[in-house]
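Visitor: Here it is: the structure, laid out below.
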Amino acid sequence: NLTIGTLNSNGVLGNLTVVSGTANLTGGSANVTTVSGGTLLSAATLASLAVNSGTANISGGSVTGATTSAATLNLTGGNLTSLAITNGISNLTGGNVTGTVTLTNGTLLTSSTANLSGTINVCVADMNGDRIPDIVAVVSQQWEEIHIFENNGHGVFTDRKLFGSTNEDFGSSGISLCDLNRDGLPDIIYSNGDGFAYADPGGRPWHGLQWLENLGQGYFRYHRIGDLTGAYSPVGIDVDGDGAIDVVAISSFNDWKNPQSPSLVYFKNDGKMNFTLKILAHVPYQLMSCATGDLDGSGRPAIISGGFYSYPPFEHMSRLTLWRQHPPP
């Protein structure tokens with residue numbers, strides 16, 4: 001029992017009860033560890049841990065099972081097999097929880113899954129076929145990457161990079177998920193067309209659309225769809241009703257002095273995953289976001305676009321536009 005003062009240990013302990021003071025376990029092991037007050041600092045191997053009051057800081061090692069009751073558990077490193085929260089706060093800012101997290105009362109705080117700047121778009125779906133929802137994110141700025149955060153089923157995520165451009169000016173601008181090739185697996189549609197960072201905002205010749213084909217079990221393959229200056233907000237939808245999924249997108253940054261610059265487009269899929277650019281509109285300018293849906297029960301998808309105007313020309317503007325399809329003649 002540690003009642004007051006400080007215990008420093010990297011040896012083998014049978015049972016340890018921290019009533020007050022600080023127990024600093026820099027290594028070694030303990031069979032049964034109970035914190036009833038005071039502070040436990042551990043990078044050791046703990047067979048079990050009961051935090052009844054006080055604070056337990058786990059920065060390394062492993063814990064086979066942990067319970068908290070009217071106390072605080074901070075996990076910043078190491079491995080935690082299971083966690084039962086009856087009361088108090090468990091703050092998981094690092095490490096790994098490989099088993100079940102049971103929350104009966106109290107608060108569970110989890111950390112950000114990544115610390116890269118510029119995460120501009122996230123989507124949620126089961127990406128690896130384990131029937132557990134994962135997170136897909138596009139990280140812009142100097143990173144220009146697509147990441148998947150695979151969920152172990154208990155709200156603990158493993159970060160893995162799926163794509164990264166060697167061009168730090170690639171201009172990542174958005175992602176969406178859809179089964180583009182209709183094989184039953186969600187694919188990632190990815191646009192790069194950001195032009196905000198330039199002194200003269202505008203497009204670049206490498207802007208366009210691509211898709212990451214989901215091969216199953218967490219594997220993906222890159223495909224370029226086509227070029228589109230200032231590409232933003234890709235959406236997969238069967239535009240023309242031929243049974244193949246096309247890709248709608250908008251151009252946020254373009255040469256708006258040229259009246260032929262496209263504003264709203266779709267890439268027509270021939271059914272064999274070959275895409276051809278089809279221009280739907282040249283105005284309004286500077287669209288930033290779009291979505292699709294059958295809004296009138298016609299069986300044909302409509303497109304909804306939103307505009308964002310931060311630089312000239314301030315003309316041909318539209319805040320929110322609904323694009324309906326006309327029936328064929």
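In the structure tokens, chains take letters A, B, ... by order of appearance, with residues numbered from 1 within each chain and ligands from 1 in the order shown.
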Go through region 168-253 of chain A and collect every residue that DSSP, computed from the backbone, puts in strand (DSSP E); the answer should be as a VMD selection string.
Guide: chain A and resid 172 to 178 187 to 192 208 to 216 219 to 227 231 to 237 246 to 251
Visitor: Can you pull out every residue within 8 Å of region 125-139 of chain A, counting only C-alpha atoms, but drop anything in the same chain fewer than 6 positions away, and send it as an MDAnalysis selection string?
Guide: chainID A and resid 116:119 145:153 172 174:175 185:186 214 216:219
Visitor: Hey, what's within 7 Å of region 282-293 of chain A if we count only C-alpha atoms and toss same-chain stuff fewer than 5 positions away? As a list in words, please?
Guide: Tyr232, Ser233, Val235, Ile250, Ser251, Ser252, Phe253, Pro259, Gln260, Ser261, Pro262, Ser263, Leu264, Pro301, Ala302, Ile303, Ile304, Ser305, Gly306, Gly307, Phe308, Tyr309, His316, Met317 and Ser318 of chain A
Visitor: Got a sec: who's within 7 Å of Val12 (chain A), counting only C-alpha atoms, leaving out chain neighbours fewer than 3 positions off, as a list in words?
Guide: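 Here the answer would be Gly28, Ser29 and Ala30 of chain A.
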Visitor: Would you list the contacts of Leu40 (chain A) as a list of chain:residue names, taking every protein, DNA or RNA residue within 7 Å and counting only C-alpha atoms, but skipping same-chain residues closer than 5 positions in sequence?
Guide: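 Answer for this query is A:Thr22, A:Ala23, A:Asn24, A:Thr55, A:Ala56, A:Asn57.
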Visitor: Could you write out that same residue set with N, CA and C atoms as a short mmCIF file (atom, residue, chain, number, x, y, z; two decimals), in the first residue's frame?
Guide:
```cif
data_model
loop_
_atom_site.label_atom_id
_atom_site.label_comp_id
_atom_site.auth_asym_id
_atom_site.auth_seq_id
_atom_site.Cartn_x
_atom_site.Cartn_y
_atom_site.Cartn_z
N THR A 22 2.13 9.31 -5.01
CA THR A 22 2.35 9.01 -6.43
C THR A 22 3.12 7.71 -6.58
N ALA A 23 2.59 6.80 -7.41
CA ALA A 23 3.30 5.57 -7.76
C ALA A 23 3.73 5.68 -9.21
N ASN A 24 5.04 5.63 -9.44
CA ASN A 24 5.61 5.78 -10.77
C ASN A 24 6.21 4.45 -11.21
N THR A 55 -6.23 9.46 -9.92
CA THR A 55 -5.89 9.53 -11.34
C THR A 55 -4.90 8.44 -11.70
N ALA A 56 -5.13 7.79 -12.84
CA ALA A 56 -4.18 6.82 -13.39
C ALA A 56 -3.77 7.30 -14.77
N ASN A 57 -2.47 7.51 -14.97
CA ASN A 57 -1.92 7.93 -16.25
C ASN A 57 -1.14 6.77 -16.86
#
```
Visitor: If we count only C-alpha atoms and set the cut-off at 12 Å, which residues sit around Leu13 (chain A), ignoring sequence neighbours fewer than 2 positions away in its own chain? Please answer as a ChimeraX atom specification.
Guide: /A:1,7-11,15-17,23,25,27-33,44-47
Visitor: What's the 6 Å shell around Asn269 (chain A), counting only C-alpha atoms, without same-chain residues fewer than 6 positions away, as a PyMOL selection string?
Guide: chain A and resi 244+246+275
Visitor: When distances are computed from only C-alpha atoms, which of A:Phe157, A:Gly236, A:Asn254, A:Thr104 shows the smallest separation from Asn87 (chain A)?
Guide: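 Of the candidates, the smallest distance to Asn87 (chain A) is held by A:Thr104.
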Visitor: For the atom pair CA of Thr86 (chain A) and CA of Thr64 (chain A), what is the interatomic distance in Å to one decimal place?
Guide: 17.3 Å
Visitor: Could you please determine the separation between CA of Asp187 (chain A) and CA of Leu212 (chain A) in Å, to one decimal place?
Guide: 5.9 Å
Visitor: Between CA of Ala231 (chain A) and CA of Gly203 (chain A), what is the distance, to one decimal in Å?
Guide: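 Atom-to-atom, CA of Ala231 (chain A) to CA of Gly203 (chain A), that is 8.4 Å.
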